[in-house]
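Below is one structure, written out as structure tokens, with a few remarks after it.
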Amino acid sequence: MHQTRFFVGIALLALSAGGCGLAAAAPERDVLVPAEPTAIDFVDPATVVGLSTATITNEDDRSRYVHISYPELADAPGLNRALRADAERQLRDFRAAKSVNGDYPRPELNVDWQLAARSPEAVAVRLRTGEFLGASWGNSTRTFWFDPRTGKAGGSTALLGGPQALDRLAALVKEQLKGRGPQVERDGVRADPGEFDSMAFNRSGDLVVEFDDCQIGPCSLGRVAVAVPAGRVAPLLSELGRRAQESVREAARSAPPAGPTTTPKTPAASPEASSNRAGSVNCARTKCVALTFSDGPGPHTGRLLDLLAAGKARATFFTVGTNAVAQPGLLRRMSAEGHLVGNHSWSHRDLSKQATSKIADSFRRTDDAVRAAIAQEPTLARPPYGAISKDVRDVARDLGLSLVGWDVNSRDEPGATASEITDRVVRKAHPGAIILMHDTNPESIDAIPGILKELSGKGYTFVTVPELYGSAAMRAGRLYESGNQQSRKQPLT
């Protein structure tokens, strides 16, 4: 069993020391540390009723990698439309961009999100974009604000009272940037809505203005942010801005007081994740296949679970960490109904491009999210896009994770019809097959009844991935693409 890790929750902080992306050293035990003024308290999405996650991906396009995730709120259709339009715009721009390094490493677009505010007065979604075109990652943020009173969504400048307020804010930001050092280009700050596209309030009501990498200084600075004091920004705010500022303050006042920073105790080990029906099928004597679903949970996962229950089929779900923390109830349902929950990284970035520390952090954070939901430790991981390097193998081995690929690709990308997906899976299925599907695509869910009917009629039983291997237990750090590969020799590193 791999070592358990402490789950720290989803009330995350976007930090920068001096606004330039340098994290402070870890505090000593029982020492209070002043709050970083550009830190934003994010809302736990699991507490928001009616929230689900939408995903746009082109995982089957091996020339470019795309994974865009954003929230959908049942009571904010205007915000949902704005987020969808922005996702589609980013995808168009990325497809039009040219790689600066040929076809490898593959260009990649990754967008995830956080809730910067959620109240009857204002809702804010902060999108975080990473783009890789062959040289290095570029990172940017945009924050959309939604007014529940009017039903309208807009960019961050909706918080301001108009062009003159933006001019004055730009001057205040330049003033705040004094003393940041010669690398910060104060003269690069312009009263342009496109540059002031990520703004939110901290718990004191100060307006946090974030700039993208390379926007007002060298890319090596990373995140540059400024906190404009609440009193100075108040005259510049629109009605929405004033309500948003007060709602964030009120949320901070209502939150439990923060105590001294202490070193958490290591929790008791959780059991390794397994199907509660594991062992009920002997795949050495029965024709078994493993349905696997990546990228969720999403808006269609609940319907998928209904269909699997009706067909008495079990599956393996490889969940993205940011989606897992938003909808832990779906993970609990998966586990309770005999399915297996695995790890699909935190935000679906290509791990083969990452340093070992970032690979480990991505797997660990997702393990923690799954563990918090189902009280079990994942033992399986599927690297995004199936991209595996020696570092990915080594980290997976150290964390006790077996790597899972596939040998039957349903090719259920957007645009594929349910009948095409069904035909492809039924035609390619074989005993021991690991079938790749996605629970973020409605056509994939529509294909499930046909897949279950056709393959059941051929004598197949649907099991979780480890059951394909029976007593030949899966080993950490190894890649498993089919139940037929049990004896194939593989390096462990």
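Ligands are numbered from 1 in the order shown, residues from 1 within each chain, and chains are lettered A, B, ... in the order they appear in the structure tokens.
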
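Proximity to region 66-83 of chain A at 7 Å, evaluated using only C-alpha atoms and with sequence-adjacent residues fewer than 4 positions away removed, yields Gly50, Leu51, Ser52, Thr53, Ala54, Thr55, Ile56, Thr57, Asn58, Glu59, Ala87, Glu108, Leu109, Asn110, Val111, Asp112, Trp113, Phe146, Gly151, Lys152, Ala153 and His348 of chain A.
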
File of the preceding selection, C-alpha atoms, as a CSV table (one decimal), in the first residue's frame:
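Final output, selection19.csv:
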```
chain,number,residue,atom,x,y,z
A,50,GLY,CA,-26.4,22.6,-9.1
A,51,LEU,CA,-22.7,22.9,-10.1
A,52,SER,CA,-21.3,20.5,-12.7
A,53,THR,CA,-18.2,20.6,-14.9
A,54,ALA,CA,-18.1,20.8,-18.7
A,55,THR,CA,-15.1,19.6,-20.7
A,56,ILE,CA,-13.9,20.3,-24.3
A,57,THR,CA,-11.1,17.9,-25.4
A,58,ASN,CA,-9.5,16.5,-28.5
A,59,GLU,CA,-7.7,13.7,-26.9
A,87,ALA,CA,-13.6,28.2,-24.3
A,108,GLU,CA,-1.0,21.8,-25.7
A,109,LEU,CA,-3.8,23.9,-24.4
A,110,ASN,CA,-5.0,23.4,-20.9
A,111,VAL,CA,-7.7,25.4,-19.1
A,112,ASP,CA,-9.0,24.8,-15.6
A,113,TRP,CA,-11.0,27.0,-13.2
A,146,PHE,CA,-21.9,37.2,-13.2
A,151,GLY,CA,-28.6,37.5,-15.3
A,152,LYS,CA,-25.7,39.0,-17.2
A,153,ALA,CA,-22.1,37.9,-17.3
A,348,HIS,CA,-5.1,16.9,-17.3
```

Would you please give, as a PDB file with N, CA, C and O atoms, in the first residue's frame, all residues of region 255-406 of chain A that DSSP assigns to strand (DSSP E) based on the backbone?
```
ATOM      1  N   CYS A 288     -14.009 -11.535 -20.148  1.00  0.00           N
ATOM      2  CA  CYS A 288     -14.132 -10.255 -19.446  1.00  0.00           C
ATOM      3  C   CYS A 288     -13.616  -9.109 -20.307  1.00  0.00           C
ATOM      4  O   CYS A 288     -12.646  -9.270 -21.062  1.00  0.00           O
ATOM      5  N   VAL A 289     -14.254  -7.961 -20.168  1.00  0.00           N
ATOM      6  CA  VAL A 289     -13.737  -6.720 -20.729  1.00  0.00           C
ATOM      7  C   VAL A 289     -13.863  -5.646 -19.653  1.00  0.00           C
ATOM      8  O   VAL A 289     -14.710  -5.739 -18.759  1.00  0.00           O
ATOM      9  N   ALA A 290     -13.016  -4.625 -19.752  1.00  0.00           N
ATOM     10  CA  ALA A 290     -13.042  -3.525 -18.793  1.00  0.00           C
ATOM     11  C   ALA A 290     -13.391  -2.236 -19.514  1.00  0.00           C
ATOM     12  O   ALA A 290     -12.601  -1.738 -20.332  1.00  0.00           O
ATOM     13  N   LEU A 291     -14.579  -1.716 -19.233  1.00  0.00           N
ATOM     14  CA  LEU A 291     -14.941  -0.377 -19.695  1.00  0.00           C
ATOM     15  C   LEU A 291     -14.240   0.632 -18.798  1.00  0.00           C
ATOM     16  O   LEU A 291     -14.302   0.534 -17.568  1.00  0.00           O
ATOM     17  N   THR A 292     -13.556   1.599 -19.403  1.00  0.00           N
ATOM     18  CA  THR A 292     -12.904   2.646 -18.616  1.00  0.00           C
ATOM     19  C   THR A 292     -13.359   3.999 -19.127  1.00  0.00           C
ATOM     20  O   THR A 292     -13.475   4.205 -20.343  1.00  0.00           O
ATOM     21  N   PHE A 293     -13.599   4.915 -18.206  1.00  0.00           N
ATOM     22  CA  PHE A 293     -14.095   6.252 -18.548  1.00  0.00           C
ATOM     23  C   PHE A 293     -13.145   7.301 -17.969  1.00  0.00           C
ATOM     24  O   PHE A 293     -12.859   7.294 -16.771  1.00  0.00           O
ATOM     25  N   SER A 294     -12.670   8.193 -18.823  1.00  0.00           N
ATOM     26  CA  SER A 294     -11.712   9.221 -18.423  1.00  0.00           C
ATOM     27  C   SER A 294     -12.357  10.604 -18.439  1.00  0.00           C
ATOM     28  O   SER A 294     -13.379  10.823 -19.083  1.00  0.00           O
ATOM     29  N   ALA A 315     -17.396  -0.658 -14.085  1.00  0.00           N
ATOM     30  CA  ALA A 315     -16.415   0.057 -14.903  1.00  0.00           C
ATOM     31  C   ALA A 315     -15.350   0.661 -14.007  1.00  0.00           C
ATOM     32  O   ALA A 315     -15.457   0.667 -12.776  1.00  0.00           O
ATOM     33  N   THR A 316     -14.312   1.196 -14.651  1.00  0.00           N
ATOM     34  CA  THR A 316     -13.240   1.912 -13.962  1.00  0.00           C
ATOM     35  C   THR A 316     -13.276   3.366 -14.423  1.00  0.00           C
ATOM     36  O   THR A 316     -13.262   3.627 -15.628  1.00  0.00           O
ATOM     37  N   PHE A 317     -13.327   4.280 -13.463  1.00  0.00           N
ATOM     38  CA  PHE A 317     -13.414   5.712 -13.762  1.00  0.00           C
ATOM     39  C   PHE A 317     -12.091   6.384 -13.403  1.00  0.00           C
ATOM     40  O   PHE A 317     -11.649   6.331 -12.253  1.00  0.00           O
ATOM     41  N   PHE A 318     -11.461   7.011 -14.397  1.00  0.00           N
ATOM     42  CA  PHE A 318     -10.242   7.773 -14.167  1.00  0.00           C
ATOM     43  C   PHE A 318     -10.624   9.244 -14.086  1.00  0.00           C
ATOM     44  O   PHE A 318     -10.922   9.890 -15.091  1.00  0.00           O
ATOM     45  N   THR A 319     -10.635   9.767 -12.863  1.00  0.00           N
ATOM     46  CA  THR A 319     -11.173  11.092 -12.625  1.00  0.00           C
ATOM     47  C   THR A 319     -10.083  12.155 -12.613  1.00  0.00           C
ATOM     48  O   THR A 319      -8.966  11.928 -12.124  1.00  0.00           O
ATOM     49  N   LEU A 340     -14.707   1.204  -9.832  1.00  0.00           N
ATOM     50  CA  LEU A 340     -13.396   1.523  -9.281  1.00  0.00           C
ATOM     51  C   LEU A 340     -13.009   2.930  -9.717  1.00  0.00           C
ATOM     52  O   LEU A 340     -13.178   3.298 -10.885  1.00  0.00           O
ATOM     53  N   VAL A 341     -12.488   3.704  -8.766  1.00  0.00           N
ATOM     54  CA  VAL A 341     -12.081   5.081  -9.054  1.00  0.00           C
ATOM     55  C   VAL A 341     -10.564   5.142  -9.137  1.00  0.00           C
ATOM     56  O   VAL A 341      -9.859   4.712  -8.214  1.00  0.00           O
ATOM     57  N   GLY A 342     -10.068   5.664 -10.263  1.00  0.00           N
ATOM     58  CA  GLY A 342      -8.629   5.828 -10.479  1.00  0.00           C
ATOM     59  C   GLY A 342      -8.261   7.280 -10.669  1.00  0.00           C
ATOM     60  O   GLY A 342      -9.106   8.178 -10.645  1.00  0.00           O
ATOM     61  N   ASN A 343      -6.982   7.506 -10.882  1.00  0.00           N
ATOM     62  CA  ASN A 343      -6.376   8.839 -10.924  1.00  0.00           C
ATOM     63  C   ASN A 343      -6.085   9.229 -12.370  1.00  0.00           C
ATOM     64  O   ASN A 343      -5.452   8.476 -13.106  1.00  0.00           O
ATOM     65  N   LEU A 380      -4.592   2.958  -9.256  1.00  0.00           N
ATOM     66  CA  LEU A 380      -4.448   3.019 -10.711  1.00  0.00           C
ATOM     67  C   LEU A 380      -4.386   4.474 -11.158  1.00  0.00           C
ATOM     68  O   LEU A 380      -5.056   5.339 -10.587  1.00  0.00           O
ATOM     69  N   ALA A 381      -3.609   4.727 -12.189  1.00  0.00           N
ATOM     70  CA  ALA A 381      -3.539   6.057 -12.779  1.00  0.00           C
ATOM     71  C   ALA A 381      -3.495   5.930 -14.291  1.00  0.00           C
ATOM     72  O   ALA A 381      -2.857   5.027 -14.830  1.00  0.00           O
ATOM     73  N   SER A 402      -0.244   1.884 -10.452  1.00  0.00           N
ATOM     74  CA  SER A 402      -0.097   1.169 -11.718  1.00  0.00           C
ATOM     75  C   SER A 402      -0.672   2.033 -12.827  1.00  0.00           C
ATOM     76  O   SER A 402      -1.718   2.671 -12.654  1.00  0.00           O
ATOM     77  N   LEU A 403      -0.009   2.065 -13.974  1.00  0.00           N
ATOM     78  CA  LEU A 403      -0.433   2.904 -15.093  1.00  0.00           C
ATOM     79  C   LEU A 403      -1.328   2.096 -16.032  1.00  0.00           C
ATOM     80  O   LEU A 403      -1.000   0.960 -16.382  1.00  0.00           O
ATOM     81  N   VAL A 404      -2.425   2.692 -16.443  1.00  0.00           N
ATOM     82  CA  VAL A 404      -3.406   1.987 -17.268  1.00  0.00           C
ATOM     83  C   VAL A 404      -3.606   2.724 -18.584  1.00  0.00           C
ATOM     84  O   VAL A 404      -3.953   3.909 -18.603  1.00  0.00           O
TER      85      VAL A 404
END
```

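Taking region 337-378 of chain A and asking which residues DSSP calls helix (DSSP H, G or I) on the backbone, you get A:Leu351, A:Ser352, A:Lys353, A:Thr356, A:Ser357, A:Lys358, A:Ile359, A:Ala360, A:Asp361, A:Ser362, A:Phe363, A:Arg364, A:Arg365, A:Thr366, A:Asp367, A:Asp368, A:Ala369, A:Val370, A:Arg371, A:Ala372, A:Ala373, A:Ile374.
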
For region 428-440 of chain A: contacts at 8 Å, only C-alpha atoms, fewer than 3 positions along chain excluded, given as a VMD selection string: chain A and resid 54 to 55 287 to 301 304 405 to 412 424 to 425 444 to 445 460 465 468 481 to 484

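With only C-alpha atoms as the atoms that count, the residue of A:Leu177, A:Ala200, A:Ala324, A:Leu479 with the shortest distance to Val392 (chain A) is A:Leu479.
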
Identify which of the residues A:Ala326, A:Thr461, A:Trp137, A:Thr417 lies closest to Ala46 (chain A), counting only C-alpha atoms when measuring atom-to-atom distances. A:Ala326

Nearest-residue call for Tyr480 (chain A), choices A:Arg393, A:Glu36, A:Ala416, A:Arg285, using only C-alpha atoms: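 Looking at the shortest contact to Tyr480 (chain A), the residue is A:Arg393.
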
Within 8 Å of Gly311 (chain A) using only C-alpha atoms, minus same-chain residues under 3 positions, as a ChimeraX atom specification: /A:307-308,449,452-453

Export of prior selection with C-alpha atoms as a short mmCIF file (atom, residue, chain, number, x, y, z; two decimals), in the first residue's frame:
```cif
data_model
loop_
_atom_site.label_atom_id
_atom_site.label_comp_id
_atom_site.auth_asym_id
_atom_site.auth_seq_id
_atom_site.Cartn_x
_atom_site.Cartn_y
_atom_site.Cartn_z
CA LEU A 307 -27.24 2.78 -17.38
CA LEU A 308 -24.40 0.69 -15.95
CA PRO A 449 -26.99 0.58 -23.87
CA LEU A 452 -23.82 -3.56 -23.05
CA LYS A 453 -26.49 -5.38 -25.05
#
```

Could you list, as a ChimeraX atom specification, every residue within 8 Å of Ala373 (chain A), counting only C-alpha atoms and ignoring same-chain residues fewer than 4 positions away? /A:328-329,331-332,369

Which residue is closest to Phe132 (chain A)? Choose from A:Ser335, A:Ser99, A:Asn323, A:Ser274 and count only C-alpha atoms.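 Among A:Ser335, A:Ser99, A:Asn323, A:Ser274, it is A:Ser99 that comes nearest to Phe132 (chain A).
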
Excluding Leu401 (chain A) and any residue of its chain fewer than 5 positions from it, enumerate the residues within 12 Å of it, using only C-alpha atoms, and give them as number ranges by chain. A: 1-3, 272-273, 342-345, 360, 363-364, 367, 377-383, 392-396, 474-480, 492

Taking only C-alpha atoms into account, name the residue in A:Cys214, A:Leu115, A:Arg314, A:Lys353 that is nearest to Leu133 (chain A). A:Lys353

Skip Arg186 (chain A) itself and residues of its chain fewer than 6 positions away, then list as an MDAnalysis selection string all residues within 12 Å of it, counting only C-alpha atoms. chainID A and resid 170:180 211 215:217 224 226
